[in-house]
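I have placed the structure first, in the form of structure tokens, so that the comments after it can refer back to it.
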Amino acid sequence: MTVSSSSAKSSSSANGFSGQIAIAGIHEYESRWAPDKTSFQIMGECAREALADAGLALTDVDGLFCASMTMGPMGPVQMAEYLNLKPRYLDGSNIGGSSFVSHVAHAAAAIHSGLCEVALILYGSTAASQAMAIGTGGTSMRDASAAFVEPYGMPLVSNYAMVAQRHMHEYGTTSAQLADIAVSTRHHASLNPHAKMQRPITREDVLESRMIADPLHLLDCCIISDGGGAVIVTSLERARDLRQPPVVVRGTGEAVCHREIGTPDLLTIAARQSGEHAFRMAGLEPSDIDVCSIYDSFTITVLLTLECLGFCKPGEGGGFVEKGGIGLGGHLPVNPDGGGLSSNHPGMRGIYLVIEATRQLRGGLGERQVEGAEIALAHGTGGYLGLMHSGATLILSKD
Amino acid sequence: MASRSEASEKNASAETTIQYAAPAIDWETRGYWEGAGRGELVLQRCGDCGVVQHRPRGVCATCLSNSIEHFVASGLGHVHTFSIVRQNQMPGFREAVPYVIAYIELDEGPQILSNVVGCDPESVEIGMRVKADFVRTGDELGVPRFVPA
């Protein structure tokens with residue numbers, strides 16, 4: 001039995017591959033500006049570096065996973081051609097920016113059931129050098145519901161803004177509390193030599209930055225960069241013979257939230273369901289987590305994700321994140337790499353959530369290392385909060 | 001709350017900013033857009049299980065029945081949440097900022113995404129009562145947006 005679907009109630013069928021699969025190789029593309037590269041070349045270079053990190057060769061890869069905003073609907077087929085690969089397992093599922101977090105789960109299930117042995121997960125994008133207006137351009141929706149959205153002028157940021165407005169109304173959350181998320185994340189970026197934005201900012205800087213869609217200011221929004229990444233997943237048994245200390249997959253979960261039939265709860269996001277599944281599979285609680293990678297498309301995304309994963313109660317996110325609560329040295333360090341708010345965001349940031357969680361568990365990151373980190377959580381949110389979005393949760397530990 | 005005459009006056013100026021394009025329709029959704037063309041807000045109710053649903057579909061998303069009935073809703077509701085959009089690169093909206101995008105909770109239950117026009121964007125707040133107002137887009141179709149009730 002592999003991991004069963006969202007209806008799984010029994011823990012016996014929900015922990016199939018927990019503790020048996022590992023992340024064996026990672027690479028984050030270093031440059032944030034690559035006008036001379038295609039997304040395919042970025043993915044090719046990331047594959048090379050992640051394989052070298054693991055101590056594996058391209059010929060070892062028999063499972064290929066990828067998603068991007070620039071590949072066509074046959075993405076993994078195109079990518080296999082580009083790398084001259086003939087994998088026996090392909091997965092190009094694209095559920096937005098969270099895709100790569102879910103790819104780790106899919107790879108784990110495939111490896112656990114013998115469908116492949118070495119999975120290569122790839123992402124690449126030149127969003128910045130192509131001047132893609134990700135947050136303030138048109139939606140890329142192609143589904144039948146688009147006609148109910150497009151007439152009204154709903155840039156991506158306004159989805160998140162309406163959720164933030166509702167959270168403030170129901171719970172009294174303030175712009176200053178949201179700003180503190182951006183401030184902590186920028187501090188982390190100042191410790192990451194590869195981060196795009198390294199100059200520290202204050203709460204006032206965020207509050208005085210121009211309003212993009214009320215109540216979200218410019219500095220509540222993630223940046224746009226170029227970039228890419230690669231992750232190698234294999235069995236824990238095989239990973240133990242490779243170059244790096246294995247980082248073990250303990251729990252995974254996926255979920256989707258949408259408008260339902262017109263009666264959604266905007267403040268319960270996909271993280272609630274995917275997190276519950278991942279924690280149950282891992283046999284862990286939120287209090288066991290030492291460090292988090294959380295998709296920070298906008299500051300509100302982080303706040304709601306923390307609430308829905310159970311790190312604090314609904315409505316208490318504002319108090320949880322303010323004044324360095326999620327900074328290094330706070331009660332739960334979040335995005336020590338500087339996140340999408342300050343380090344890099346080429347459009348679909350999920351792969352970096354997995355990469356930074358893995359780096360933190362390997363250790364040795366200097367000033368931005370969360371001391372003694374044993375268990376990490378990565379959570380990706382993809383799509384449009386409020387309208388329709390996906391969530392994918394991954395819990396990792398040291399071997 | 002704005003008086004009716006104020007609302008319609010400012011409404012006229014709002015219509016010159018956001019240019020509503022004719023919606024893309026199919027057999028599942030044409031009843032809704034044709035209703036808007038007549039100045040009616042049309043919702044669906046399942047003839048078998050009785051659940052009201054929006055957006056419109058060819059099947060009931062609760063019991064999968066095909067027995068879908070259309071009915072004219074009151075067009076009244078309140079602002080569930082909103083944002084004032086101040087930056088949008090899309091042609092047609094680039095010139096229209098700042099404008100209000102909102103989820104309107106209709107008195108019949110479902111929430112609907114729309115704009116709130118006919119008032120100062122800064123005056124919009126959660127809970128504000130609004131009513132549907134319709135822009136004809138040609139071809140018998142229309143787009144509903146909301147004004148202060």
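Residue numbering restarts at 1 for every chain of the structure tokens, chains are lettered A, B, ... in their displayed order, and ligands are numbered from 1 as they appear.
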Counting only C-alpha atoms, what are the residues of chain B within 8 Å of chain A, and for each of them which pair of atoms is the nearest and at what distance in Å, to one decimal? Sort the table by chain and rising number, as CSV.
residue,atom,partner,partner_atom,distance
B:Tyr20,CA,A:Pro151,CA,5.8
B:Ala21,CA,A:Pro151,CA,6.4
B:Pro23,CA,A:Ala147,CA,5.8
B:Ala24,CA,A:Ala147,CA,5.8
B:Ile25,CA,A:Ala147,CA,7.4
B:Val52,CA,A:Ile261,CA,7.8
B:Gln53,CA,A:Ile261,CA,4.8
B:His54,CA,A:Ile261,CA,5.0
B:Arg55,CA,A:Ile261,CA,6.4
B:Ala61,CA,A:Ile261,CA,7.2
B:His80,CA,A:Arg166,CA,7.6
B:Thr81,CA,A:Arg166,CA,5.5
B:Phe82,CA,A:Met162,CA,5.0
B:Ser83,CA,A:Asp214,CA,5.1
B:Ile84,CA,A:Asp214,CA,5.3
B:Val85,CA,A:Ala213,CA,4.5
B:Arg86,CA,A:Ile212,CA,5.2
B:Gln87,CA,A:Ile212,CA,5.6
B:Asn88,CA,A:Thr136,CA,4.9
B:Gln89,CA,A:Gly137,CA,4.9
B:Met90,CA,A:Gly137,CA,5.7
B:Phe93,CA,A:Gly153,CA,6.2
B:Ile101,CA,A:Tyr152,CA,6.9
B:Ala102,CA,A:Met162,CA,7.3
B:Gly109,CA,A:Thr263,CA,7.3
B:Pro110,CA,A:Gly262,CA,4.4
B:Gln111,CA,A:Gly262,CA,4.8
B:Ile112,CA,A:Gly262,CA,6.7
B:Leu113,CA,A:Val149,CA,6.9
B:Ser114,CA,A:Tyr152,CA,5.9
B:Asn115,CA,A:Tyr152,CA,6.1
B:Ile126,CA,A:His169,CA,7.6
B:Val143,CA,A:Pro151,CA,7.7
Take the selection from the previous step and output its residues with N, CA and C atoms, as a CSV table (one decimal), in the first residue's frame.
chain,number,residue,atom,x,y,z
B,20,TYR,N,-16.0,46.9,-19.2
B,20,TYR,CA,-16.3,45.5,-19.0
B,20,TYR,C,-16.4,44.8,-20.4
B,21,ALA,N,-15.6,43.8,-20.6
B,21,ALA,CA,-15.6,43.1,-21.9
B,21,ALA,C,-16.8,42.1,-21.8
B,23,PRO,N,-18.4,38.7,-21.5
B,23,PRO,CA,-17.9,37.5,-20.9
B,23,PRO,C,-17.8,36.3,-21.8
B,24,ALA,N,-16.9,35.5,-21.6
B,24,ALA,CA,-16.8,34.2,-22.4
B,24,ALA,C,-17.9,33.3,-21.8
B,25,ILE,N,-18.8,32.8,-22.7
B,25,ILE,CA,-19.9,32.0,-22.2
B,25,ILE,C,-19.9,30.6,-22.8
B,52,VAL,N,-28.4,25.7,-3.3
B,52,VAL,CA,-28.1,26.8,-4.2
B,52,VAL,C,-26.6,26.9,-4.5
B,53,GLN,N,-26.2,27.0,-5.7
B,53,GLN,CA,-24.8,27.0,-6.1
B,53,GLN,C,-24.4,28.2,-7.0
B,54,HIS,N,-23.2,28.6,-6.8
B,54,HIS,CA,-22.6,29.6,-7.7
B,54,HIS,C,-21.1,29.4,-7.7
B,55,ARG,N,-20.4,29.3,-8.7
B,55,ARG,CA,-20.8,29.6,-10.1
B,55,ARG,C,-21.6,28.6,-10.7
B,61,ALA,N,-23.1,20.4,-7.9
B,61,ALA,CA,-21.8,20.0,-7.3
B,61,ALA,C,-22.0,19.4,-5.9
B,80,HIS,N,-18.3,41.0,1.9
B,80,HIS,CA,-17.7,40.0,2.9
B,80,HIS,C,-16.2,40.4,3.1
B,81,THR,N,-15.6,40.7,2.0
B,81,THR,CA,-14.2,41.3,2.1
B,81,THR,C,-13.9,42.0,0.8
B,82,PHE,N,-12.9,42.8,0.8
B,82,PHE,CA,-12.6,43.6,-0.4
B,82,PHE,C,-11.1,44.1,-0.4
B,83,SER,N,-10.7,44.6,-1.5
B,83,SER,CA,-9.4,45.3,-1.6
B,83,SER,C,-9.5,46.4,-2.6
B,84,ILE,N,-8.8,47.5,-2.3
B,84,ILE,CA,-8.6,48.5,-3.3
B,84,ILE,C,-7.4,48.2,-4.1
B,85,VAL,N,-7.6,47.9,-5.4
B,85,VAL,CA,-6.5,47.6,-6.3
B,85,VAL,C,-5.9,48.9,-6.8
B,86,ARG,N,-4.6,49.0,-6.5
B,86,ARG,CA,-3.9,50.3,-6.9
B,86,ARG,C,-2.8,50.1,-7.9
B,87,GLN,N,-2.6,48.8,-8.3
B,87,GLN,CA,-1.7,48.5,-9.4
B,87,GLN,C,-2.1,47.3,-10.1
B,88,ASN,N,-2.3,47.4,-11.4
B,88,ASN,CA,-2.7,46.3,-12.3
B,88,ASN,C,-2.1,46.6,-13.7
B,89,GLN,N,-1.3,45.8,-14.2
B,89,GLN,CA,-0.6,46.0,-15.5
B,89,GLN,C,-1.5,45.7,-16.7
B,90,MET,N,-2.7,45.1,-16.4
B,90,MET,CA,-3.6,44.7,-17.5
B,90,MET,C,-4.2,45.8,-18.2
B,93,PHE,N,-7.5,47.9,-17.1
B,93,PHE,CA,-7.5,48.0,-15.6
B,93,PHE,C,-6.4,49.0,-15.2
B,101,ILE,N,-12.2,45.6,-5.7
B,101,ILE,CA,-12.7,44.3,-6.0
B,101,ILE,C,-13.1,43.7,-4.6
B,102,ALA,N,-14.2,42.9,-4.7
B,102,ALA,CA,-14.8,42.4,-3.5
B,102,ALA,C,-15.5,41.1,-3.6
B,109,GLY,N,-27.2,33.6,0.1
B,109,GLY,CA,-26.2,32.7,0.6
B,109,GLY,C,-24.8,32.7,-0.1
B,110,PRO,N,-24.8,32.4,-1.4
B,110,PRO,CA,-23.5,32.4,-2.1
B,110,PRO,C,-22.7,33.7,-2.1
B,111,GLN,N,-21.4,33.6,-2.1
B,111,GLN,CA,-20.5,34.7,-2.3
B,111,GLN,C,-20.2,34.9,-3.8
B,112,ILE,N,-20.1,36.1,-4.2
B,112,ILE,CA,-19.9,36.4,-5.6
B,112,ILE,C,-18.7,37.4,-5.7
B,113,LEU,N,-17.8,37.1,-6.7
B,113,LEU,CA,-16.7,38.1,-6.9
B,113,LEU,C,-17.2,39.2,-7.8
B,114,SER,N,-16.9,40.5,-7.4
B,114,SER,CA,-17.4,41.6,-8.3
B,114,SER,C,-16.6,42.8,-7.9
B,115,ASN,N,-17.0,43.9,-8.5
B,115,ASN,CA,-16.5,45.3,-8.2
B,115,ASN,C,-17.6,46.0,-7.4
B,126,ILE,N,-16.1,46.3,5.1
B,126,ILE,CA,-16.8,45.0,5.3
B,126,ILE,C,-18.1,45.2,6.0
B,143,VAL,N,-22.7,42.2,-17.4
B,143,VAL,CA,-21.8,41.9,-16.3
B,143,VAL,C,-22.4,42.6,-15.0
Item to complete: Would you list the contacts of range 85-90 of chain A as a ChimeraX atom specification, taking every protein, DNA or RNA residue within 7 Å and counting only C-alpha atoms, but skipping same-chain residues closer than 3 positions in sequence?
Response: /A:61-65,76,80-81,115-116
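Between CA of Ser123 in chain B and CA of Ser297 in chain A there is a distance of 28.0 Å.
Here CA of Val77 in chain A stands at a distance of 18.4 Å from CA of Ile232 in chain A.
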Practice prompt. Pull the strand (DSSP E) assignments for range 165-363 of chain A out of DSSP run on the backbone, and list those residues as a PyMOL selection string.
Written response: chain A and resi 211-213+216-217+227-235+247-258+291-294
Practice prompt. Among the residues of chain B, find those DSSP assigns to helix (DSSP H, G or I) from the backbone and print them as a ChimeraX atom specification.
Written response: /B:4-15,30-37,121-123
Discussion item. Can you measure CA of Arg203 in chain A to CA of Gly324 in chain A for me? One decimal in Å is fine.
Written reply: 11.0 Å
Discussion item. Need to verify the contact set: Asp205 in chain A, 10 Å, only C-alpha atoms, exclusion of same-chain residues closer than 6 positions in sequence. Can you return it as an MDAnalysis selection string?
Written reply: chainID A and resid 179 182:183 217:219
Could you take the residues named above and write them with C-alpha atoms, as a short mmCIF file (atom, residue, chain, number, x, y, z; two decimals), in the first residue's frame?
data_model
loop_
_atom_site.label_atom_id
_atom_site.label_comp_id
_atom_site.auth_asym_id
_atom_site.auth_seq_id
_atom_site.Cartn_x
_atom_site.Cartn_y
_atom_site.Cartn_z
CA ALA A 179 5.11 43.96 8.37
CA ALA A 182 8.76 41.01 6.07
CA VAL A 183 11.23 42.49 8.57
CA HIS A 217 2.06 47.20 0.78
CA LEU A 218 4.89 46.72 -1.69
CA LEU A 219 7.10 45.19 1.02
#
Worksheet item: Which one is closest to His78 in chain B: B:Asp139, B:Asp133, B:Asp107, B:Glu95? Count only C-alpha atoms.
Response: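 Ranking B:Asp139, B:Asp133, B:Asp107, B:Glu95 by distance to His78 in chain B, first place goes to B:Asp107.
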